[in-house]
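As stored in start.txt (compact mmCIF, C-alpha atoms and all ligand atoms):
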```txt
# COMPACT_ATOMS: atom_id res chain seq x y z
CA MET A 1 -5.81 19.02 -6.16
CA HIS A 2 -2.16 18.05 -6.21
CA ARG A 3 -1.41 14.87 -4.35
CA LYS A 4 2.21 13.81 -4.01
CA LYS A 5 2.63 10.46 -5.71
CA LEU A 6 3.60 7.48 -3.57
CA ILE A 7 5.38 4.34 -4.78
CA ALA A 8 5.52 1.47 -2.30
CA GLY A 9 7.46 -1.73 -2.86
CA ASN A 10 5.83 -4.82 -1.38
CA TRP A 11 8.65 -7.34 -1.27
CA LYS A 12 6.32 -10.06 0.05
CA MET A 13 8.25 -13.16 1.23
CA ASN A 14 11.40 -12.26 -0.68
CA LYS A 15 14.90 -11.07 0.29
CA THR A 16 16.93 -12.02 3.33
CA ALA A 17 18.08 -9.22 5.61
CA SER A 18 21.37 -8.92 3.70
CA ASP A 19 19.80 -9.19 0.22
CA GLY A 20 17.44 -6.45 1.30
CA VAL A 21 20.33 -4.16 2.16
CA VAL A 22 21.94 -4.74 -1.23
CA LEU A 23 18.72 -3.74 -3.01
CA THR A 24 18.18 -0.79 -0.65
CA ARG A 25 21.66 0.58 -1.34
CA GLU A 26 21.06 0.42 -5.08
CA LEU A 27 17.78 2.27 -4.62
CA ILE A 28 19.35 4.92 -2.41
CA ALA A 29 22.13 5.51 -4.95
CA ALA A 30 19.52 6.34 -7.59
CA LEU A 31 16.69 7.78 -5.51
CA GLY A 32 18.31 9.11 -2.36
CA ARG A 33 17.59 12.68 -3.39
CA GLU A 34 14.17 12.05 -4.91
CA THR A 35 11.77 14.16 -2.90
CA SER A 36 9.00 14.75 -5.43
CA VAL A 37 7.65 11.22 -4.83
CA ASP A 38 7.14 9.41 -1.52
CA VAL A 39 8.91 6.06 -1.69
CA VAL A 40 8.18 3.31 0.85
CA LEU A 41 10.02 -0.01 1.04
CA CYS A 42 8.11 -2.89 2.67
CA PRO A 43 10.51 -5.77 3.30
CA PRO A 44 9.58 -8.87 5.31
CA PHE A 45 9.76 -8.47 9.12
CA THR A 46 13.19 -10.11 9.24
CA ALA A 47 14.73 -7.42 7.00
CA LEU A 48 13.06 -4.38 8.60
CA GLU A 49 15.94 -3.61 10.91
CA SER A 50 18.75 -3.92 8.36
CA VAL A 51 16.84 -2.09 5.63
CA GLY A 52 15.84 0.58 8.15
CA ARG A 53 19.50 1.13 9.04
CA ALA A 54 20.44 1.39 5.37
CA LEU A 55 17.70 4.01 4.92
CA GLU A 56 18.85 6.20 7.79
CA GLY A 57 19.34 9.79 6.69
CA HIS A 58 17.52 9.24 3.38
CA ALA A 59 14.07 10.24 2.25
CA LEU A 60 12.88 6.69 1.54
CA LYS A 61 10.52 5.31 4.16
CA LEU A 62 10.10 1.93 5.78
CA GLY A 63 6.87 -0.08 5.78
CA ALA A 64 5.80 -3.47 7.11
CA GLN A 65 3.54 -5.93 5.29
CA ASN A 66 1.29 -6.80 8.20
CA MET A 67 0.94 -6.50 11.97
CA HIS A 68 -1.23 -7.79 14.80
CA ALA A 69 -3.98 -5.61 16.25
CA GLU A 70 -3.12 -6.31 19.89
CA LYS A 71 -0.43 -4.44 21.77
CA SER A 72 1.31 -7.51 23.16
CA GLY A 73 0.54 -10.88 24.65
CA ALA A 74 0.21 -14.58 23.87
CA PHE A 75 0.10 -14.37 20.07
CA THR A 76 2.85 -16.71 18.92
CA GLY A 77 4.47 -15.61 15.69
CA GLU A 78 2.88 -12.17 15.65
CA ILE A 79 4.32 -8.63 15.59
CA SER A 80 2.74 -5.55 17.17
CA ALA A 81 2.55 -1.92 16.06
CA GLU A 82 4.82 -0.93 18.91
CA MET A 83 7.48 -3.40 17.75
CA LEU A 84 7.31 -1.92 14.27
CA ARG A 85 7.59 1.60 15.66
CA GLY A 86 10.68 0.47 17.54
CA LEU A 87 12.31 -0.25 14.18
CA PHE A 88 11.34 3.17 12.78
CA VAL A 89 8.63 1.75 10.55
CA THR A 90 6.25 4.47 9.36
CA HIS A 91 3.81 2.57 7.09
CA VAL A 92 2.07 -0.78 7.21
CA ILE A 93 0.28 -2.68 4.45
CA LEU A 94 -2.99 -4.06 5.84
CA GLY A 95 -5.60 -6.34 4.29
CA HIS A 96 -3.51 -7.47 1.34
CA SER A 97 -5.50 -9.97 -0.73
CA GLU A 98 -2.89 -12.66 -0.11
CA ARG A 99 -3.50 -12.28 3.62
CA ARG A 100 -7.27 -12.24 3.11
CA THR A 101 -6.93 -15.50 1.13
CA TYR A 102 -4.17 -17.44 2.91
CA ASN A 103 -4.54 -16.10 6.44
CA ALA A 104 -8.30 -15.77 6.61
CA GLU A 105 -8.19 -12.04 7.31
CA THR A 106 -11.63 -10.47 7.33
CA ASP A 107 -12.82 -6.89 7.00
CA ALA A 108 -13.41 -6.91 10.76
CA SER A 109 -9.92 -8.15 11.67
CA ILE A 110 -8.32 -5.80 9.14
CA ASN A 111 -10.30 -2.91 10.65
CA GLN A 112 -8.88 -3.74 14.09
CA LYS A 113 -5.39 -3.56 12.63
CA VAL A 114 -6.10 -0.26 10.89
CA LEU A 115 -7.26 1.25 14.19
CA ALA A 116 -4.27 -0.16 16.07
CA ALA A 117 -1.83 1.11 13.44
CA LEU A 118 -3.32 4.61 13.63
CA ALA A 119 -3.25 4.55 17.43
CA HIS A 120 0.51 3.97 17.13
CA GLN A 121 1.15 6.62 14.50
CA LEU A 122 1.67 4.09 11.72
CA LYS A 123 0.20 4.98 8.34
CA PRO A 124 -1.96 2.10 7.09
CA ILE A 125 -1.95 1.18 3.41
CA LEU A 126 -5.38 -0.48 3.29
CA CYS A 127 -5.68 -2.90 0.37
CA VAL A 128 -9.04 -3.41 -1.29
CA GLY A 129 -10.10 -5.16 -4.49
CA GLU A 130 -12.24 -7.74 -6.17
CA THR A 131 -11.49 -11.27 -7.38
CA LEU A 132 -11.97 -12.26 -11.02
CA ALA A 133 -15.25 -14.03 -10.18
CA GLU A 134 -16.50 -10.91 -8.42
CA ARG A 135 -15.58 -8.71 -11.40
CA GLU A 136 -17.23 -11.08 -13.84
CA SER A 137 -20.42 -11.16 -11.81
CA GLY A 138 -20.56 -7.36 -11.77
CA ALA A 139 -19.81 -7.08 -8.04
CA THR A 140 -16.59 -5.03 -8.28
CA LEU A 141 -17.88 -1.77 -6.84
CA ALA A 142 -19.93 -3.47 -4.12
CA VAL A 143 -16.89 -5.46 -2.98
CA VAL A 144 -14.63 -2.41 -3.02
CA GLN A 145 -17.24 -0.40 -1.12
CA ARG A 146 -17.47 -3.11 1.54
CA HIS A 147 -13.67 -3.33 1.88
CA VAL A 148 -13.33 0.45 2.21
CA GLU A 149 -16.28 1.06 4.54
CA ARG A 150 -15.58 -1.86 6.85
CA GLY A 151 -11.82 -1.42 6.75
CA LEU A 152 -12.18 2.22 7.83
CA GLN A 153 -14.92 1.77 10.40
CA GLY A 154 -14.23 4.00 13.40
CA VAL A 155 -11.42 5.91 11.69
CA THR A 156 -11.86 9.58 12.59
CA PRO A 157 -11.45 12.41 10.09
CA GLU A 158 -8.21 13.41 11.84
CA GLN A 159 -6.88 9.86 11.40
CA MET A 160 -8.07 9.56 7.81
CA GLY A 161 -5.42 12.07 6.78
CA ALA A 162 -2.80 9.42 7.61
CA CYS A 163 -4.49 6.62 5.64
CA ILE A 164 -3.57 5.40 2.19
CA ILE A 165 -5.82 3.13 0.13
CA ALA A 166 -4.48 0.63 -2.40
CA TYR A 167 -6.86 -0.67 -5.05
CA GLU A 168 -5.55 -4.07 -6.05
CA PRO A 169 -7.78 -6.16 -8.30
CA VAL A 170 -6.91 -9.68 -7.14
CA TRP A 171 -6.92 -11.00 -10.71
CA ALA A 172 -4.13 -8.55 -11.62
CA ILE A 173 -1.76 -9.39 -8.76
CA GLY A 174 1.32 -11.27 -9.91
CA THR A 175 -0.50 -12.43 -13.04
CA GLY A 176 0.86 -9.98 -15.58
CA LYS A 177 -2.77 -9.01 -16.26
CA VAL A 178 -2.90 -5.34 -15.48
CA ALA A 179 -6.22 -3.53 -15.17
CA THR A 180 -6.71 -1.12 -18.05
CA THR A 181 -6.28 2.50 -17.07
CA ALA A 182 -10.02 3.00 -17.57
CA GLN A 183 -10.88 0.04 -15.32
CA ALA A 184 -8.54 1.27 -12.60
CA GLN A 185 -9.57 4.92 -12.85
CA GLU A 186 -13.26 3.93 -12.59
CA VAL A 187 -12.65 2.19 -9.27
CA HIS A 188 -10.31 4.88 -7.96
CA ALA A 189 -12.89 7.58 -8.71
CA PHE A 190 -15.52 5.43 -7.02
CA ILE A 191 -13.35 5.11 -3.89
CA ARG A 192 -12.79 8.86 -3.81
CA GLU A 193 -16.53 9.45 -4.11
CA LEU A 194 -17.08 7.06 -1.25
CA LEU A 195 -14.47 8.87 0.86
CA THR A 196 -16.22 12.14 0.01
CA LYS A 197 -19.47 10.74 1.42
CA LEU A 198 -17.71 9.43 4.51
CA TYR A 199 -15.27 12.26 5.24
CA GLY A 200 -16.18 15.23 3.05
CA ALA A 201 -14.55 16.50 -0.12
CA PRO A 202 -11.52 18.36 1.28
CA LEU A 203 -10.24 15.26 3.06
CA ALA A 204 -11.19 12.85 0.26
CA GLN A 205 -9.21 15.01 -2.17
CA LYS A 206 -6.12 14.61 -0.01
CA VAL A 207 -6.15 10.83 0.44
CA ARG A 208 -3.81 8.94 -1.85
CA ILE A 209 -5.25 5.96 -3.69
CA LEU A 210 -2.60 3.63 -5.09
CA TYR A 211 -3.04 1.07 -7.85
CA GLY A 212 -1.53 -2.38 -7.41
CA GLY A 213 -1.47 -5.40 -9.69
CA SER A 214 1.27 -6.06 -12.25
CA MET A 215 2.33 -2.41 -12.38
CA LYS A 216 5.51 -2.24 -14.48
CA PRO A 217 7.61 0.51 -16.06
CA ALA A 218 5.79 -0.16 -19.34
CA ASN A 219 2.26 0.42 -18.06
CA ALA A 220 2.96 2.83 -15.19
CA PRO A 221 3.12 6.14 -17.10
CA GLU A 222 -0.42 5.71 -18.42
CA LEU A 223 -1.86 4.49 -15.10
CA LEU A 224 -0.14 7.27 -13.15
CA ALA A 225 -1.56 9.88 -15.52
CA ALA A 226 -5.15 8.99 -14.54
CA PRO A 227 -6.67 11.70 -12.35
CA ASP A 228 -7.36 9.52 -9.30
CA ILE A 229 -4.35 7.17 -9.41
CA ASP A 230 -1.85 8.59 -6.93
CA GLY A 231 0.86 5.98 -7.05
CA GLY A 232 1.48 2.26 -6.98
CA LEU A 233 1.83 -0.70 -4.66
CA ILE A 234 4.42 -2.74 -6.48
CA GLY A 235 5.13 -6.44 -6.00
CA GLY A 236 7.25 -8.19 -8.62
CA ALA A 237 8.75 -5.04 -10.12
CA ALA A 238 9.90 -3.89 -6.65
CA LEU A 239 12.34 -6.78 -6.31
CA GLU A 240 14.85 -5.39 -8.78
CA ALA A 241 16.42 -1.99 -8.52
CA LYS A 242 16.12 -1.15 -12.21
CA SER A 243 12.37 -1.62 -12.56
CA PHE A 244 11.57 -0.04 -9.19
CA ILE A 245 13.71 3.01 -9.97
CA GLU A 246 11.95 3.35 -13.34
CA LEU A 247 8.59 3.24 -11.58
CA VAL A 248 9.59 5.98 -9.15
CA ARG A 249 10.85 8.08 -12.08
CA ALA A 250 7.57 7.53 -13.91
CA ALA A 251 5.74 8.85 -10.85
CA ALA A 252 8.12 11.80 -10.55
CA ALA A 253 7.43 12.70 -14.19
CA ARG A 254 3.71 13.16 -13.48
P1 LIG B 301 2.43 -7.43 -8.30
O1 LIG B 301 1.95 -7.37 -6.78
O2 LIG B 301 2.98 -6.06 -8.65
O3 LIG B 301 3.49 -8.50 -8.34
O4 LIG B 301 1.24 -7.77 -9.12
C1 LIG B 301 1.29 -6.25 -6.25
C2 LIG B 301 0.89 -6.51 -4.82
O5 LIG B 301 0.47 -7.63 -4.51
O6 LIG B 301 0.97 -5.62 -3.95
```

Just give me the structure of the file as structure tokens.
Ligand code: PGA
Amino acid sequence: MHRKKLIAGNWKMNKTASDGVVLTRELIAALGRETSVDVVLCPPFTALESVGRALEGHALKLGAQNMHAEKSGAFTGEISAEMLRGLFVTHVILGHSERRTYNAETDASINQKVLAALAHQLKPILCVGETLAERESGATLAVVQRHVERGLQGVTPEQMGACIIAYEPVWAIGTGKVATTAQAQEVHAFIRELLTKLYGAPLAQKVRILYGGSMKPANAPELLAAPDIDGGLIGGAALEAKSFIELVRAAAAR
């Protein structure tokens, strides 16, 4: 089964609106005609509009890093799916481990966001993954299974086609400690098996499962060659044009 690779840049809390445009222009210059890989830029909320404008007419897509599950209302400081759609956002990262840790997001609240995103034609990038303590205690697959099953609760087969999963071992995020290709592939294959049980093989074969956690140009070619690794969710290496372009090229070479 051929799945088009996807490289998403998670800028986290980096780049002002104007810095974001500078980076976006550099990326467009190099990747504007790259159609063999899906490329998604996920700037902070404050840069969505300016980056979105810079992307107009190009194949690169715009993603947000979070959203609220409700449509509107008294939720100070929050942003809804509809607001994101108004800025031509197509993807949204949900359940990132930093939000699970620092913003007390739970599988249940993340699930609400996944459903709301889908209801508004946004493609969720659902992040799942174990902490170091969980890996060391042998709980990796149980944790990933819980994140996937609870995160996707109520998602219909029709909607599942729009979902992307990102496996991000928490101990590998921003630490320089990348999972070995074998470690990552094991979990990716496990997630695909789980999706097969939940949605059947034809659909499970179509869903893209990204790896995230210290993915860099140096380790990407090997990771991206693994049969169930369909791309990357990139943090640090997405903040500079050179490394991000190299990552997209590594995905295009697969
Ligand atoms: P990193 O971040 O590439 O800096 O490890 C990945 C992520 O958190 O999405």

Report task. Report as a PyMOL selection string which protein, DNA and RNA residues come within 6 Å of ligand LIG 301 (chain B), using all atoms listed in the file. Result -> chain A and resi 10+172-174+212-215+233-236

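The nearest approach to Arg150 of chain A among the residues A:Gly200, A:Gly63, A:Pro44, A:Gly95, with all atoms listed in the file taken into account, belongs to A:Gly95.
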
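Closest approach to Gln153 of chain A from the set A:Asp107, A:Glu130, A:Glu240, A:Glu222 is made by A:Asp107, with distances taken over all atoms listed in the file.
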
Query raised in the report: Contacts of Ile79 of chain A at 9 Å or less, counting only C-alpha atoms, minus same-chain residues fewer than 2 places along, as a ChimeraX atom specification?
Result: /A:45,66-72,75-77,81-84

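Atom CA of Glu149 of chain A is positioned 15.6 Å from atom CA of Glu105 of chain A.
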
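Straight-line separation from atom CA of Leu115 of chain A to atom CA of Val128 of chain A: 16.3 Å.
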
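By chain and then residue number, the residues within 7 Å of segment 13-29 of chain A are Gly32, Pro44, Thr46, Ala47, Ser50, Val51, Ala54, Ala241 and Ile245 of chain A, counting all atoms listed in the file and disregarding those fewer than 3 positions away in sequence.
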
For segment 213-230 of chain A, what centre and edge lengths in Å (one decimal) does the axis-aligned box get once 8 Å is added on each side of all its listed atoms, as lines of an AutoDock Vina configuration file?
```
center_x = 0.1
center_y = 2.8
center_z = -13.1
size_x = 31.0
size_y = 33.8
size_z = 28.4
```

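Closest to Glu186 of chain A among A:Pro157, A:Pro227, A:Gly151, A:Pro124 is A:Pro227, based on all atoms listed in the file.
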
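Among the candidate residues A:Ser36, A:His2, A:Gln112, A:Val170, the one lying nearest to Ala250 of chain A is A:Ser36, with distances computed using only C-alpha atoms.
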
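Residues in contact range of Leu132 of chain A, defined as at most 12 Å between all atoms listed in the file, with sequence neighbours fewer than 3 positions away removed, read Gly129, Arg135, Glu136, Ser137, Gly138, Ala139, Thr140, Val143, Glu168, Pro169, Val170, Trp171, Ala172, Ile173, Thr175, Lys177 and Ala179 of chain A.
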